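*Asks:* Structure in structure tokens, see below.
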Amino acid sequence: MFIIFDPPKQAIVRLTCLTILLIILNNFLFGQLQPVYRFQQDDTSLKRKYFKEAMTKKNKLVSHLGKENSKEYKEAYDGIFDIVEGLLLSSRTITDPEADSYIKSVTSRILSVNPELKHLDVRVVFTRDYPPNAYSIGDGTIAFNAGLFVYLDNEAEFAFALCHELAHYYLEHSKKRLDKLVRLKTSDSLEKELKKLSKQEYGVGAQLERMIRQLQFDIFRHSREGEEEADRIGLQFFKNTGYSGTAPITAMQLLDKIDDTSYFSPLQLAKVLSFPDYPFKDRWVKKESMIFGAMNLDEASGLSKKERDSLKTHPDCSRRLELLKASAATINGQHFQINESLFRKFKTSFIPEIVEEVYRSGNVSFNLYLALRMLQDGQHKPLAIYSIARALNEIYQHQKDHKLGLIIETENRYYKEEYNLLLRMLYRLRLYEIAELNYHFCKQHENEMTGYEGFADEMKKAKTNKRAHQ
């Protein structure tokens with residue numbers, strides 16, 4: 001038997017009204033919240049595992065050292081593994097399961113079709129580092145910077161770059177470079193030259209600098225020869241993978257111009273930092289010196305064309321392209337084999353990871369520069385706004401404490417002009433101007449940032465800083 005309870009009509013009306021009210025309130029509250037950007041979540045146990053593997057390799061290398069120059073080699077290995085530790089155990093390395101699995105999958109594809117590589121003890125990781133580079137440290141650790149990955153067009157280019165770095169490790173280029181450094185350090189000619197310099201009274205510093213520069217250039221020149229060898233052997237590894245042969249060509253073309261490339265549009269300071277009640281002031285960035293404009297770069301740097309090329313992130317790419325182009329063109333294959341959607345996802349999601357890692361490194365001026373460009377392009381806008389407010393508050397506090405130089409760089413002829421303009425502005429801003437600038441910036445974005453974690457605190461700081469100068 002079912003008993004049907006029929007509530008009074010008034011109760012139904014009240015219940016209906018309450019339900020509608022709750023729905024409206026719920027929608028209002030959720031409409032006010034901003035989704036806080038979710039950075040990739042690293043697996044710290046995986047970082048420790050990678051580092052343990054690297055230390056095992058170090059102990060093996062040290063145990064096999066002969067008596068000759070063992071002290072110098074041990075010191076060199078200590079320095080190398082300090083670098084490994086600084087990479088693998090820091091926030092720089094990305095060990096988010098999805099990203100780690102993806103780079104492992106592409107690497108496994110390369111190793112599985114090249115039997116000569118299967119014995120290699122490699123650890124291949126993404127990093128959050130800004131420089132557009134990938135490198136083999138020499139202990140089996142291969143790092144692929146997010147700052148390079150975001151420029152790639154397809155997975156085949158990614159695979160070719162990994163083949164190149166695996167070739168460096170396979171060919172023991174790091175070990176050969178280390179041998180050369182030890183030979184230079186222990187050579188009689190170097191010792192005699194240093195003794196000779198120590199007896200001079202004048203010009204010692206300049207001569208020593210020239211000598212060190214020449215030694216460095218010799219090592220970089222050897223490295224360029226190694227780059228060509230790694231290209232050639234890496235291409236042999238690559239042709240077995242099933243990826244398209246156009247990738248080595250387009251990748252090399254990218255590397256040739258990458259120092260002058262950016263994934264953001266040029267920063268227009270006067271637009272992004274100008275507000276109705278606090279307009280941008282030209283005197284903040286007006287050039288008062290010709291040091292960066294009229295000075296000839298060749299004369300100013302004191303470097304020859306050959307030496308300047310050695311300082312490029314990827315030197316001699318046009319020559320290297322000519323050497324591999326014909327062979328690469330004969331390779332048939334696909335642009336994607338593992339996961340195109342993940343590749344596309346990381347091209348976008350790695351950008352905030354880079355920007356935040358710059359902040360963690362303590363370079364607040366460059367973090368501000370990237371965040372301003374991110375905001376200007378409408379990329380990850382809430383995160384960009386929060387990052388800018390945070391950076392300006394830090395700059396205010398450091399200038400107040402007379403420690404501004406600890407977190408911002410100074411103008412440099414090798415920086416982009418737009419970054420130099422920002423640096424010039426940061427040094428020229430008076431304390432009250434930083435406070436005003438950040439207050440009006442926060443005020444302009446206040447409504448769209450409601451509910452975004454951390455922004456309210458930054459806005460409160462900006463208001464407090466502004467009131468301190470009234």
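Letters A, B, ... go to the chains of the structure tokens in the order shown; residues in each chain start at 1; ligands are counted from 1 in the same order.
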Can you check which residues of region 85-291 of chain A DSSP gives as strand (DSSP E) on the backbone and send them as an MDAnalysis selection string?
*Replies:* chainID A and resid 93:94 123:127 134:136 141:145
*Asks:* Extract, using only C-alpha atoms, all DNA, RNA and protein residues at most 9 Å from Leu324 (chain A), discarding same-chain residues fewer than 5 positions from it, and format them as a list of chain:residue names.
*Replies:*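 Listed by chain and then number, they are A:Glu228, A:Asp231, A:Arg232, A:Leu235, A:Pro248, A:Ile249, A:Ala329.
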*Asks:* Quick one: DSSP helix (DSSP H, G or I) residues in region 298-390 of chain A, as a PyMOL selection string?
*Replies:* chain A and resi 298-301+305-310+317-328+340-360+364-376+381-390
*Asks:* For each of A:Gly451, A:Tyr263, A:Ser108, A:Ser349, take the minimum atom-to-atom distance to Asp377 (chain A), counting only C-alpha atoms, then give the residue where this is smallest.
*Replies:*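 Of A:Gly451, A:Tyr263, A:Ser108, A:Ser349, the one nearest Asp377 (chain A) is A:Tyr263, counting only C-alpha atoms.
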*Asks:* Hey, which of A:Asp153, A:Glu53, A:Asp82, A:Asp179 ends up closest to Lys347 (chain A)? Count only C-alpha atoms.
*Replies:*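 When distances to Lys347 (chain A) are compared using only C-alpha atoms, the smallest one comes from A:Asp153.
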*Asks:* Which residues are close to region 136-143 of chain A, i.e. within 7 Å by only C-alpha atoms, leaving aside same-chain residues fewer than 3 positions away? Reply as number ranges by chain.
*Replies:* A: 54, 57, 121-127, 165, 168-169, 174-175
*Asks:* Could you turn the residues from that selection into a file that holds N, CA and C atoms, as a PDB file, in the first residue's frame?
*Replies:*
ATOM      1  N   ALA A  54      71.772   8.984 -11.129  1.00  0.00           N
ATOM      2  CA  ALA A  54      72.900   9.827 -11.533  1.00  0.00           C
ATOM      3  C   ALA A  54      74.079   9.664 -10.576  1.00  0.00           C
ATOM      4  N   LYS A  57      75.971   6.573 -11.242  1.00  0.00           N
ATOM      5  CA  LYS A  57      76.862   6.745 -12.389  1.00  0.00           C
ATOM      6  C   LYS A  57      78.128   7.499 -11.970  1.00  0.00           C
ATOM      7  N   ASP A 121      72.298   4.173 -20.289  1.00  0.00           N
ATOM      8  CA  ASP A 121      71.542   4.463 -19.062  1.00  0.00           C
ATOM      9  C   ASP A 121      71.139   5.936 -19.096  1.00  0.00           C
ATOM     10  N   VAL A 122      70.001   6.209 -19.718  1.00  0.00           N
ATOM     11  CA  VAL A 122      69.598   7.603 -19.912  1.00  0.00           C
ATOM     12  C   VAL A 122      68.406   7.979 -19.037  1.00  0.00           C
ATOM     13  N   ARG A 123      68.378   9.251 -18.653  1.00  0.00           N
ATOM     14  CA  ARG A 123      67.261   9.878 -17.956  1.00  0.00           C
ATOM     15  C   ARG A 123      66.929  11.138 -18.755  1.00  0.00           C
ATOM     16  N   VAL A 124      65.818  11.122 -19.446  1.00  0.00           N
ATOM     17  CA  VAL A 124      65.446  12.257 -20.291  1.00  0.00           C
ATOM     18  C   VAL A 124      64.293  12.991 -19.624  1.00  0.00           C
ATOM     19  N   VAL A 125      64.485  14.275 -19.387  1.00  0.00           N
ATOM     20  CA  VAL A 125      63.484  15.041 -18.642  1.00  0.00           C
ATOM     21  C   VAL A 125      63.201  16.369 -19.323  1.00  0.00           C
ATOM     22  N   PHE A 126      61.962  16.826 -19.162  1.00  0.00           N
ATOM     23  CA  PHE A 126      61.619  18.200 -19.507  1.00  0.00           C
ATOM     24  C   PHE A 126      62.087  19.109 -18.371  1.00  0.00           C
ATOM     25  N   THR A 127      62.471  20.341 -18.712  1.00  0.00           N
ATOM     26  CA  THR A 127      62.735  21.340 -17.684  1.00  0.00           C
ATOM     27  C   THR A 127      61.855  22.562 -17.929  1.00  0.00           C
ATOM     28  N   GLU A 165      70.683  14.716 -29.110  1.00  0.00           N
ATOM     29  CA  GLU A 165      71.254  14.672 -27.759  1.00  0.00           C
ATOM     30  C   GLU A 165      71.683  13.253 -27.378  1.00  0.00           C
ATOM     31  N   HIS A 168      75.049  12.736 -28.839  1.00  0.00           N
ATOM     32  CA  HIS A 168      76.107  13.338 -28.012  1.00  0.00           C
ATOM     33  C   HIS A 168      76.542  12.363 -26.916  1.00  0.00           C
ATOM     34  N   TYR A 169      75.570  11.764 -26.261  1.00  0.00           N
ATOM     35  CA  TYR A 169      75.883  10.835 -25.166  1.00  0.00           C
ATOM     36  C   TYR A 169      76.529   9.563 -25.704  1.00  0.00           C
ATOM     37  N   SER A 174      80.716  14.662 -24.057  1.00  0.00           N
ATOM     38  CA  SER A 174      80.965  15.336 -22.778  1.00  0.00           C
ATOM     39  C   SER A 174      82.256  14.844 -22.149  1.00  0.00           C
ATOM     40  N   LYS A 175      82.497  13.554 -22.245  1.00  0.00           N
ATOM     41  CA  LYS A 175      83.731  12.990 -21.694  1.00  0.00           C
ATOM     42  C   LYS A 175      84.954  13.535 -22.440  1.00  0.00           C
TER      43      LYS A 175
END
*Asks:* In Å, with one decimal, what is the gap from CA of Gly405 (chain A) to CA of Phe366 (chain A)?
*Replies:*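 Result for CA of Gly405 (chain A) versus CA of Phe366 (chain A): 12.8 Å, one decimal.
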*Asks:* Extract, using only C-alpha atoms, all DNA, RNA and protein residues at most 12 Å from region 337-342 of chain A, discarding same-chain residues fewer than 4 positions from it, and format them as a PyMOL selection string.
*Replies:* chain A and resi 98-110+153-159+241-244+333+346-350
*Asks:* So which one's closest to Met425 (chain A), A:Leu383, A:Ala161, A:Val84, A:Ile395? Using only C-alpha atoms, please.
*Replies:*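 Under the stated criterion, the closest residue is A:Ile395.
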*Asks:* I'd like the contact shell of Ser274 (chain A) - 12 Å cut-off, only C-alpha atoms, skipping same-chain residues fewer than 2 positions apart - returned as a list in words.
*Replies:* Gln268, Leu269, Ala270, Lys271, Val272, Pro276, Asp277, Tyr278, Pro279, Phe280, Lys281, Asp282, Glu436, Leu437, Asn438, Tyr439, His440, Phe441 and Gln444 of chain A
*Asks:* Using C-alpha atoms, can you export the residues from the last selection as a short mmCIF file (atom, residue, chain, number, x, y, z; two decimals), in the first residue's frame?
*Replies:*
data_model
loop_
_atom_site.label_atom_id
_atom_site.label_comp_id
_atom_site.auth_asym_id
_atom_site.auth_seq_id
_atom_site.Cartn_x
_atom_site.Cartn_y
_atom_site.Cartn_z
CA GLN A 268 54.33 47.82 -25.75
CA LEU A 269 54.87 49.21 -22.27
CA ALA A 270 53.00 52.45 -22.89
CA LYS A 271 49.83 50.46 -23.61
CA VAL A 272 49.84 47.76 -20.96
CA PRO A 276 42.90 56.54 -17.16
CA ASP A 277 43.81 57.96 -13.74
CA TYR A 278 47.53 57.24 -14.03
CA PRO A 279 48.86 57.50 -17.60
CA PHE A 280 52.24 56.13 -18.67
CA LYS A 281 55.08 58.69 -18.47
CA ASP A 282 57.58 58.91 -21.33
CA GLU A 436 50.70 54.21 -7.82
CA LEU A 437 51.40 52.09 -10.88
CA ASN A 438 50.54 48.81 -9.15
CA TYR A 439 47.50 50.24 -7.40
CA HIS A 440 45.98 51.43 -10.68
CA PHE A 441 46.93 48.19 -12.40
CA GLN A 444 41.74 48.10 -13.44
#
*Asks:* Identify which of the residues A:Lys287, A:Leu406, A:Asn363, A:His445 lies closest to Arg424 (chain A), counting only C-alpha atoms when measuring atom-to-atom distances.
*Replies:*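 Answer, going by the shortest atom-to-atom distance: A:Lys287.
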*Asks:* Which of these residues is nearest to Lys461 (chain A), using only C-alpha atoms: A:Lys74, A:Arg390, A:Arg430, A:Arg344?
*Replies:* A:Arg390
*Asks:* Could you name the residues that touch His469 (chain A) at 8 Å or less, counting only C-alpha atoms, but leaving out those on the same chain fewer than 3 positions away, as a list in words?
*Replies:* Tyr432, Asn465 and Lys466 of chain A
*Asks:* Take the residues just selected and output them with C-alpha atoms as a PDB file, in the first residue's frame.
*Replies:*
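Output saved as part_20.pdb:
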ATOM      1  CA  TYR A 432      55.665  56.315  -4.825  1.00  0.00           C
ATOM      2  CA  ASN A 465      51.858  50.954  -0.415  1.00  0.00           C
ATOM      3  CA  LYS A 466      49.900  53.737  -2.113  1.00  0.00           C
TER       4      LYS A 466
END
